[in-house]
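File shown: coords.txt. Contents: compact mmCIF, all heavy atoms.
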# COMPACT_ATOMS: atom_id res chain seq x y z
N MET R 914 -3.50 11.09 -20.21
CA MET R 914 -2.10 11.05 -19.90
C MET R 914 -1.92 11.05 -18.37
O MET R 914 -2.70 11.67 -17.67
CB MET R 914 -1.40 12.25 -20.51
CG MET R 914 0.07 12.22 -20.39
SD MET R 914 0.75 13.45 -21.51
CE MET R 914 2.31 12.75 -21.77
N PHE R 915 -0.90 10.35 -17.89
CA PHE R 915 -0.66 10.32 -16.46
C PHE R 915 0.81 10.52 -16.15
O PHE R 915 1.67 10.35 -16.99
CB PHE R 915 -1.18 9.01 -15.85
CG PHE R 915 -0.43 7.79 -16.31
CD1 PHE R 915 0.66 7.32 -15.59
CD2 PHE R 915 -0.81 7.10 -17.45
CE1 PHE R 915 1.35 6.20 -16.01
CE2 PHE R 915 -0.13 5.98 -17.87
CZ PHE R 915 0.96 5.52 -17.15
N GLU R 916 1.07 10.92 -14.91
CA GLU R 916 2.43 11.17 -14.45
C GLU R 916 2.70 10.28 -13.25
O GLU R 916 1.98 10.31 -12.26
CB GLU R 916 2.54 12.64 -14.03
CG GLU R 916 3.80 12.98 -13.29
CD GLU R 916 3.74 14.36 -12.66
OE1 GLU R 916 2.69 15.03 -12.72
OE2 GLU R 916 4.77 14.75 -12.09
N VAL R 917 3.75 9.48 -13.32
CA VAL R 917 4.16 8.65 -12.20
C VAL R 917 4.94 9.54 -11.23
O VAL R 917 5.83 10.28 -11.64
CB VAL R 917 5.02 7.46 -12.66
CG1 VAL R 917 5.55 6.68 -11.47
CG2 VAL R 917 4.22 6.55 -13.57
N ILE R 918 4.59 9.50 -9.95
CA ILE R 918 5.22 10.35 -8.95
C ILE R 918 6.18 9.50 -8.12
O ILE R 918 5.80 8.45 -7.59
CB ILE R 918 4.16 10.99 -8.04
CG1 ILE R 918 3.23 11.86 -8.90
CG2 ILE R 918 4.80 11.78 -6.93
CD1 ILE R 918 2.02 12.35 -8.19
N ASP R 919 7.42 9.95 -8.01
CA ASP R 919 8.42 9.26 -7.21
C ASP R 919 8.17 9.60 -5.75
O ASP R 919 8.32 10.74 -5.33
CB ASP R 919 9.82 9.67 -7.63
CG ASP R 919 10.90 8.96 -6.84
OD1 ASP R 919 10.60 8.01 -6.08
OD2 ASP R 919 12.07 9.37 -6.96
N THR R 920 7.79 8.61 -4.95
CA THR R 920 7.49 8.84 -3.54
C THR R 920 8.69 8.61 -2.64
O THR R 920 8.65 8.91 -1.46
CB THR R 920 6.36 7.90 -3.07
OG1 THR R 920 6.82 6.54 -3.19
CG2 THR R 920 5.10 8.10 -3.89
N GLY R 921 9.75 8.03 -3.19
CA GLY R 921 10.92 7.73 -2.39
C GLY R 921 10.77 6.46 -1.58
O GLY R 921 11.64 6.10 -0.79
N ALA R 922 9.66 5.77 -1.75
CA ALA R 922 9.41 4.53 -1.02
C ALA R 922 10.32 3.42 -1.55
O ALA R 922 10.77 3.46 -2.70
CB ALA R 922 7.96 4.11 -1.18
N ASP R 923 10.61 2.46 -0.69
CA ASP R 923 11.40 1.31 -1.10
C ASP R 923 10.69 0.58 -2.22
O ASP R 923 9.46 0.47 -2.20
CB ASP R 923 11.62 0.36 0.07
CG ASP R 923 12.54 0.95 1.13
OD1 ASP R 923 13.34 1.83 0.78
OD2 ASP R 923 12.44 0.53 2.28
N PRO R 924 11.42 0.05 -3.19
CA PRO R 924 10.80 -0.70 -4.28
C PRO R 924 10.04 -1.92 -3.74
O PRO R 924 10.44 -2.51 -2.74
CB PRO R 924 11.97 -1.14 -5.14
CG PRO R 924 13.13 -0.33 -4.71
CD PRO R 924 12.86 0.13 -3.32
N SER R 925 8.97 -2.25 -4.40
CA SER R 925 8.16 -3.40 -4.02
C SER R 925 8.24 -4.46 -5.12
O SER R 925 8.57 -4.15 -6.26
CB SER R 925 6.71 -2.97 -3.82
OG SER R 925 5.89 -4.07 -3.56
N ASP R 926 7.92 -5.69 -4.77
CA ASP R 926 7.87 -6.76 -5.76
C ASP R 926 6.59 -6.68 -6.60
O ASP R 926 6.46 -7.37 -7.59
CB ASP R 926 7.94 -8.12 -5.08
CG ASP R 926 9.29 -8.36 -4.43
OD1 ASP R 926 10.28 -7.74 -4.87
OD2 ASP R 926 9.36 -9.16 -3.48
N VAL R 927 5.65 -5.85 -6.17
CA VAL R 927 4.38 -5.72 -6.86
C VAL R 927 4.54 -4.78 -8.05
O VAL R 927 5.09 -3.68 -7.91
CB VAL R 927 3.31 -5.17 -5.89
CG1 VAL R 927 1.97 -5.05 -6.58
CG2 VAL R 927 3.21 -6.05 -4.66
N PRO R 928 4.10 -5.18 -9.24
CA PRO R 928 4.31 -4.37 -10.44
C PRO R 928 3.33 -3.21 -10.60
O PRO R 928 2.51 -3.19 -11.52
CB PRO R 928 4.16 -5.39 -11.56
CG PRO R 928 3.16 -6.35 -11.01
CD PRO R 928 3.47 -6.44 -9.53
N VAL R 929 3.35 -2.25 -9.65
CA VAL R 929 2.49 -1.08 -9.74
C VAL R 929 3.30 0.16 -9.37
O VAL R 929 4.32 0.07 -8.72
CB VAL R 929 1.26 -1.18 -8.79
CG1 VAL R 929 0.37 -2.33 -9.16
CG2 VAL R 929 1.71 -1.31 -7.35
N SER R 930 2.83 1.32 -9.78
CA SER R 930 3.45 2.58 -9.39
C SER R 930 2.88 2.97 -8.03
O SER R 930 1.69 2.80 -7.76
CB SER R 930 3.13 3.67 -10.41
OG SER R 930 3.65 3.31 -11.66
N GLU R 931 3.73 3.53 -7.17
CA GLU R 931 3.29 3.94 -5.83
C GLU R 931 2.28 5.07 -5.88
O GLU R 931 1.34 5.12 -5.10
CB GLU R 931 4.50 4.37 -4.99
CG GLU R 931 5.48 3.25 -4.71
CD GLU R 931 4.96 2.24 -3.73
OE1 GLU R 931 4.17 2.60 -2.86
OE2 GLU R 931 5.36 1.07 -3.85
N ALA R 932 2.48 6.01 -6.79
CA ALA R 932 1.59 7.16 -6.90
C ALA R 932 1.55 7.65 -8.35
O ALA R 932 2.56 7.67 -9.03
CB ALA R 932 2.04 8.27 -5.97
N VAL R 933 0.35 8.05 -8.77
CA VAL R 933 0.15 8.52 -10.14
C VAL R 933 -0.81 9.71 -10.10
O VAL R 933 -1.77 9.72 -9.33
CB VAL R 933 -0.46 7.40 -11.02
CG1 VAL R 933 -0.80 7.90 -12.40
CG2 VAL R 933 0.48 6.22 -11.11
N ARG R 934 -0.54 10.70 -10.94
CA ARG R 934 -1.44 11.82 -11.10
C ARG R 934 -2.03 11.73 -12.49
O ARG R 934 -1.29 11.60 -13.48
CB ARG R 934 -0.69 13.14 -10.94
CG ARG R 934 -1.58 14.35 -10.94
CD ARG R 934 -0.80 15.62 -10.76
NE ARG R 934 0.44 15.32 -10.06
CZ ARG R 934 1.16 16.17 -9.37
NH1 ARG R 934 0.79 17.40 -9.30
NH2 ARG R 934 2.27 15.83 -8.78
N ALA R 935 -3.36 11.77 -12.59
CA ALA R 935 -4.02 11.68 -13.89
C ALA R 935 -5.35 12.42 -13.85
O ALA R 935 -6.09 12.31 -12.87
CB ALA R 935 -4.25 10.23 -14.27
N CYS R 936 -5.64 13.17 -14.88
CA CYS R 936 -6.92 13.86 -15.02
C CYS R 936 -7.25 14.71 -13.80
O CYS R 936 -8.40 14.76 -13.35
CB CYS R 936 -8.04 12.87 -15.29
SG CYS R 936 -7.79 11.89 -16.77
N GLY R 937 -6.23 15.33 -13.20
CA GLY R 937 -6.47 16.19 -12.04
C GLY R 937 -6.67 15.43 -10.74
O GLY R 937 -7.00 16.03 -9.72
N LEU R 938 -6.46 14.12 -10.75
CA LEU R 938 -6.62 13.30 -9.55
C LEU R 938 -5.29 12.69 -9.16
O LEU R 938 -4.42 12.46 -9.99
CB LEU R 938 -7.64 12.18 -9.78
CG LEU R 938 -9.05 12.62 -10.14
CD1 LEU R 938 -9.88 11.40 -10.54
CD2 LEU R 938 -9.69 13.34 -8.98
N PHE R 939 -5.15 12.40 -7.88
CA PHE R 939 -3.95 11.75 -7.35
C PHE R 939 -4.35 10.35 -6.91
O PHE R 939 -5.27 10.18 -6.12
CB PHE R 939 -3.40 12.55 -6.17
CG PHE R 939 -2.24 11.89 -5.50
CD1 PHE R 939 -0.97 11.96 -6.06
CD2 PHE R 939 -2.41 11.19 -4.32
CE1 PHE R 939 0.11 11.35 -5.44
CE2 PHE R 939 -1.34 10.58 -3.70
CZ PHE R 939 -0.08 10.66 -4.26
N TRP R 940 -3.67 9.33 -7.42
CA TRP R 940 -3.95 7.94 -7.08
C TRP R 940 -2.75 7.37 -6.35
O TRP R 940 -1.62 7.50 -6.78
CB TRP R 940 -4.20 7.13 -8.35
CG TRP R 940 -5.33 7.65 -9.16
CD1 TRP R 940 -5.27 8.62 -10.12
CD2 TRP R 940 -6.69 7.28 -9.07
NE1 TRP R 940 -6.50 8.86 -10.64
CE2 TRP R 940 -7.41 8.04 -10.00
CE3 TRP R 940 -7.39 6.37 -8.28
CZ2 TRP R 940 -8.77 7.92 -10.17
CZ3 TRP R 940 -8.74 6.25 -8.46
CH2 TRP R 940 -9.42 7.02 -9.39
N SER R 941 -3.00 6.74 -5.24
CA SER R 941 -1.92 6.17 -4.44
C SER R 941 -2.21 4.70 -4.17
O SER R 941 -3.32 4.34 -3.80
CB SER R 941 -1.82 6.93 -3.12
OG SER R 941 -0.81 6.40 -2.32
N VAL R 942 -1.20 3.86 -4.37
CA VAL R 942 -1.34 2.42 -4.17
C VAL R 942 -0.50 2.01 -2.98
O VAL R 942 0.66 2.37 -2.88
CB VAL R 942 -0.88 1.64 -5.42
CG1 VAL R 942 -0.91 0.16 -5.17
CG2 VAL R 942 -1.73 2.01 -6.61
N HIS R 943 -1.11 1.27 -2.09
CA HIS R 943 -0.38 0.77 -0.93
C HIS R 943 -0.61 -0.73 -0.84
O HIS R 943 -1.74 -1.19 -0.88
CB HIS R 943 -0.86 1.45 0.35
CG HIS R 943 -0.69 2.92 0.28
ND1 HIS R 943 0.51 3.54 0.49
CD2 HIS R 943 -1.56 3.91 -0.02
CE1 HIS R 943 0.38 4.84 0.36
NE2 HIS R 943 -0.87 5.09 0.02
N VAL R 944 0.47 -1.45 -0.72
CA VAL R 944 0.38 -2.90 -0.59
C VAL R 944 0.85 -3.25 0.81
O VAL R 944 1.95 -2.86 1.22
CB VAL R 944 1.27 -3.61 -1.64
CG1 VAL R 944 1.23 -5.11 -1.44
CG2 VAL R 944 0.83 -3.23 -3.03
N SER R 945 0.00 -3.95 1.54
CA SER R 945 0.38 -4.32 2.90
C SER R 945 1.38 -5.47 2.85
O SER R 945 1.09 -6.54 2.36
CB SER R 945 -0.86 -4.70 3.71
OG SER R 945 -1.60 -5.70 3.04
N GLU R 946 2.58 -5.19 3.33
CA GLU R 946 3.65 -6.19 3.33
C GLU R 946 4.20 -6.37 4.73
O GLU R 946 4.24 -5.42 5.52
CB GLU R 946 4.80 -5.75 2.42
CG GLU R 946 4.45 -5.65 0.97
CD GLU R 946 5.61 -5.16 0.12
OE1 GLU R 946 6.58 -4.60 0.68
OE2 GLU R 946 5.55 -5.32 -1.10
N ASP R 947 4.62 -7.58 5.04
CA ASP R 947 5.29 -7.84 6.30
C ASP R 947 6.65 -7.16 6.23
O ASP R 947 7.41 -7.39 5.29
CB ASP R 947 5.45 -9.35 6.49
CG ASP R 947 6.09 -9.70 7.81
OD1 ASP R 947 7.28 -9.37 7.99
OD2 ASP R 947 5.41 -10.31 8.66
N PRO R 948 6.99 -6.30 7.22
CA PRO R 948 8.25 -5.55 7.13
C PRO R 948 9.49 -6.43 7.24
O PRO R 948 10.56 -6.04 6.80
CB PRO R 948 8.16 -4.58 8.31
CG PRO R 948 7.20 -5.21 9.25
CD PRO R 948 6.24 -5.98 8.41
N VAL R 949 9.37 -7.62 7.79
CA VAL R 949 10.51 -8.51 7.94
C VAL R 949 10.72 -9.36 6.70
O VAL R 949 11.82 -9.44 6.15
CB VAL R 949 10.34 -9.41 9.19
CG1 VAL R 949 11.47 -10.41 9.29
CG2 VAL R 949 10.26 -8.57 10.45
N THR R 950 9.64 -10.00 6.22
CA THR R 950 9.77 -10.93 5.11
C THR R 950 9.49 -10.29 3.75
O THR R 950 9.89 -10.82 2.72
CB THR R 950 8.80 -12.11 5.27
OG1 THR R 950 7.45 -11.61 5.18
CG2 THR R 950 9.01 -12.82 6.59
N GLY R 951 8.76 -9.18 3.73
CA GLY R 951 8.37 -8.55 2.48
C GLY R 951 7.20 -9.24 1.80
O GLY R 951 6.77 -8.84 0.73
N GLU R 952 6.67 -10.26 2.44
CA GLU R 952 5.53 -10.99 1.89
C GLU R 952 4.24 -10.17 2.07
O GLU R 952 4.10 -9.45 3.07
CB GLU R 952 5.36 -12.34 2.60
CG GLU R 952 6.49 -13.32 2.32
CD GLU R 952 6.53 -13.76 0.87
OE1 GLU R 952 5.46 -14.04 0.30
OE2 GLU R 952 7.63 -13.81 0.31
N PRO R 953 3.30 -10.29 1.15
CA PRO R 953 2.02 -9.59 1.31
C PRO R 953 1.28 -10.07 2.56
O PRO R 953 1.37 -11.23 2.93
CB PRO R 953 1.23 -9.98 0.05
CG PRO R 953 2.23 -10.50 -0.90
CD PRO R 953 3.37 -11.04 -0.10
N VAL R 954 0.58 -9.13 3.20
CA VAL R 954 -0.24 -9.47 4.35
C VAL R 954 -1.66 -9.72 3.84
O VAL R 954 -2.24 -8.87 3.18
CB VAL R 954 -0.24 -8.32 5.39
CG1 VAL R 954 -1.24 -8.59 6.50
CG2 VAL R 954 1.15 -8.12 5.94
N PHE R 955 -2.17 -10.89 4.13
CA PHE R 955 -3.52 -11.23 3.70
C PHE R 955 -4.48 -11.10 4.87
O PHE R 955 -4.07 -11.06 6.02
CB PHE R 955 -3.56 -12.66 3.15
CG PHE R 955 -2.71 -12.82 1.91
CD1 PHE R 955 -1.45 -13.39 1.99
CD2 PHE R 955 -3.16 -12.37 0.69
CE1 PHE R 955 -0.66 -13.53 0.86
CE2 PHE R 955 -2.38 -12.50 -0.45
CZ PHE R 955 -1.13 -13.09 -0.36
N GLY R 956 -5.74 -11.03 4.60
CA GLY R 956 -6.76 -10.91 5.63
C GLY R 956 -7.84 -9.96 5.17
O GLY R 956 -7.90 -9.57 3.99
N ASP R 957 -8.68 -9.57 6.11
CA ASP R 957 -9.77 -8.66 5.75
C ASP R 957 -9.23 -7.24 5.54
O ASP R 957 -8.04 -6.97 5.75
CB ASP R 957 -10.88 -8.70 6.81
CG ASP R 957 -10.38 -8.26 8.19
OD1 ASP R 957 -9.29 -7.68 8.30
OD2 ASP R 957 -11.11 -8.52 9.16
N ILE R 958 -10.09 -6.33 5.14
CA ILE R 958 -9.67 -4.97 4.81
C ILE R 958 -9.08 -4.26 6.02
O ILE R 958 -8.13 -3.49 5.90
CB ILE R 958 -10.84 -4.17 4.19
CG1 ILE R 958 -10.36 -2.80 3.68
CG2 ILE R 958 -11.96 -4.00 5.19
CD1 ILE R 958 -9.44 -2.87 2.51
N GLU R 959 -9.60 -4.53 7.21
CA GLU R 959 -9.06 -3.89 8.42
C GLU R 959 -7.62 -4.33 8.67
O GLU R 959 -6.75 -3.50 8.96
CB GLU R 959 -9.93 -4.21 9.63
CG GLU R 959 -9.43 -3.54 10.89
CD GLU R 959 -10.29 -3.81 12.11
OE1 GLU R 959 -11.33 -4.49 12.00
OE2 GLU R 959 -9.90 -3.34 13.19
N THR R 960 -7.35 -5.62 8.55
CA THR R 960 -6.00 -6.15 8.76
C THR R 960 -5.02 -5.54 7.77
O THR R 960 -3.94 -5.09 8.14
CB THR R 960 -6.01 -7.68 8.61
OG1 THR R 960 -6.92 -8.23 9.56
CG2 THR R 960 -4.63 -8.28 8.81
N GLN R 961 -5.40 -5.49 6.51
CA GLN R 961 -4.52 -4.95 5.48
C GLN R 961 -4.31 -3.44 5.65
O GLN R 961 -3.19 -2.94 5.49
CB GLN R 961 -5.08 -5.25 4.09
CG GLN R 961 -5.05 -6.74 3.78
CD GLN R 961 -5.52 -7.03 2.38
OE1 GLN R 961 -5.23 -6.29 1.45
NE2 GLN R 961 -6.24 -8.12 2.21
N ALA R 962 -5.37 -2.71 5.99
CA ALA R 962 -5.25 -1.27 6.19
C ALA R 962 -4.35 -0.95 7.38
O ALA R 962 -3.49 -0.06 7.30
CB ALA R 962 -6.63 -0.64 6.39
N ARG R 963 -4.50 -1.68 8.47
CA ARG R 963 -3.65 -1.45 9.65
C ARG R 963 -2.18 -1.68 9.31
O ARG R 963 -1.31 -0.91 9.69
CB ARG R 963 -4.08 -2.33 10.80
CG ARG R 963 -5.35 -1.87 11.47
CD ARG R 963 -5.65 -2.71 12.71
NE ARG R 963 -6.94 -2.35 13.25
CZ ARG R 963 -7.16 -1.29 14.01
NH1 ARG R 963 -6.17 -0.48 14.32
NH2 ARG R 963 -8.37 -1.02 14.46
N ARG R 964 -1.89 -2.76 8.59
CA ARG R 964 -0.50 -3.07 8.24
C ARG R 964 0.08 -1.98 7.33
O ARG R 964 1.21 -1.54 7.49
CB ARG R 964 -0.43 -4.44 7.55
CG ARG R 964 0.93 -4.86 7.07
CD ARG R 964 1.89 -5.08 8.21
NE ARG R 964 2.90 -4.05 8.13
CZ ARG R 964 3.63 -3.60 9.13
NH1 ARG R 964 3.48 -4.09 10.32
NH2 ARG R 964 4.51 -2.67 8.96
N THR R 965 -0.72 -1.52 6.36
CA THR R 965 -0.27 -0.49 5.45
C THR R 965 0.02 0.81 6.20
O THR R 965 1.05 1.44 5.99
CB THR R 965 -1.33 -0.23 4.36
OG1 THR R 965 -1.52 -1.42 3.62
CG2 THR R 965 -0.91 0.88 3.43
N LEU R 966 -0.87 1.23 7.07
CA LEU R 966 -0.69 2.48 7.80
C LEU R 966 0.45 2.40 8.82
O LEU R 966 1.09 3.42 9.11
CB LEU R 966 -2.00 2.89 8.47
CG LEU R 966 -3.12 3.22 7.49
CD1 LEU R 966 -4.42 3.46 8.23
CD2 LEU R 966 -2.76 4.43 6.65
N GLN R 967 0.74 1.23 9.33
CA GLN R 967 1.85 1.08 10.28
C GLN R 967 3.18 1.37 9.61
O GLN R 967 4.12 1.77 10.28
CB GLN R 967 1.86 -0.33 10.86
CG GLN R 967 0.76 -0.56 11.88
CD GLN R 967 0.68 -2.02 12.31
OE1 GLN R 967 1.24 -2.90 11.66
NE2 GLN R 967 -0.03 -2.27 13.38
N THR R 968 3.29 1.20 8.32
CA THR R 968 4.55 1.46 7.63
C THR R 968 4.84 2.94 7.53
O THR R 968 5.96 3.33 7.22
CB THR R 968 4.56 0.84 6.21
OG1 THR R 968 3.52 1.45 5.44
CG2 THR R 968 4.36 -0.64 6.26
N TRP R 969 3.86 3.80 7.80
CA TRP R 969 4.06 5.24 7.69
C TRP R 969 4.61 5.85 8.97
O TRP R 969 4.90 7.03 9.01
CB TRP R 969 2.74 5.92 7.36
CG TRP R 969 2.30 5.70 5.96
CD1 TRP R 969 2.89 4.90 5.02
CD2 TRP R 969 1.18 6.27 5.32
NE1 TRP R 969 2.20 4.94 3.85
CE2 TRP R 969 1.14 5.77 4.01
CE3 TRP R 969 0.21 7.15 5.73
CZ2 TRP R 969 0.17 6.16 3.11
CZ3 TRP R 969 -0.77 7.51 4.83
CH2 TRP R 969 -0.78 7.02 3.54
N LYS R 970 4.76 5.08 10.02
CA LYS R 970 5.25 5.62 11.29
C LYS R 970 6.69 5.99 11.20
O LYS R 970 7.47 5.46 10.51
CB LYS R 970 5.03 4.62 12.41
CG LYS R 970 3.58 4.46 12.75
CD LYS R 970 3.44 3.53 13.93
CE LYS R 970 1.98 3.40 14.30
NZ LYS R 970 1.79 2.54 15.42
Could you spell out this file's structure in structure tokens?
Amino acid sequence: MFEVIDTGADPSDVPVSEAVRACGLFWSVHVSEDPVTGEPVFGDIETQARRTLQTWK
């Protein structure tokens, strides 16, 4: 069984939950999106991670 956690983040076009708790673990999904267009950011893992973390500022 799992629990979807409301993070308060803006809704995304991607059909996933932002955060889920299951079996004593916390799972968090982050999709790197361009803040202006909302389009996914493609590239290597470093590019995507940087874009994702920039949204937390």
Item to complete: Name the residues of chain R that fall into alpha helix (DSSP H) according to DSSP on the backbone, using the chain letters and numbers of this document, as a PyMOL selection string.
Response: chain R and resi 958-967
Worksheet item: So how far away is OE1 of Glu952 in chain R from CD1 of Phe939 in chain R, in Å?
Response: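 A separation of 27.5 Å between them.
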Worksheet item: Out of R:Ala962, R:Glu931, R:Leu938, R:Asp926, which residue has the shortest atom-to-atom distance to Thr950 in chain R when counting only C-alpha atoms?
Response: R:Asp926
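From CG of Arg964 in chain R back to atom N of His943 in chain R, the distance works out to 11.2 Å.
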Discussion item. One decimal, in Å: what's the spacing between CA of Thr965 in chain R and CA of Cys936 in chain R?
Written reply: 25.9 Å
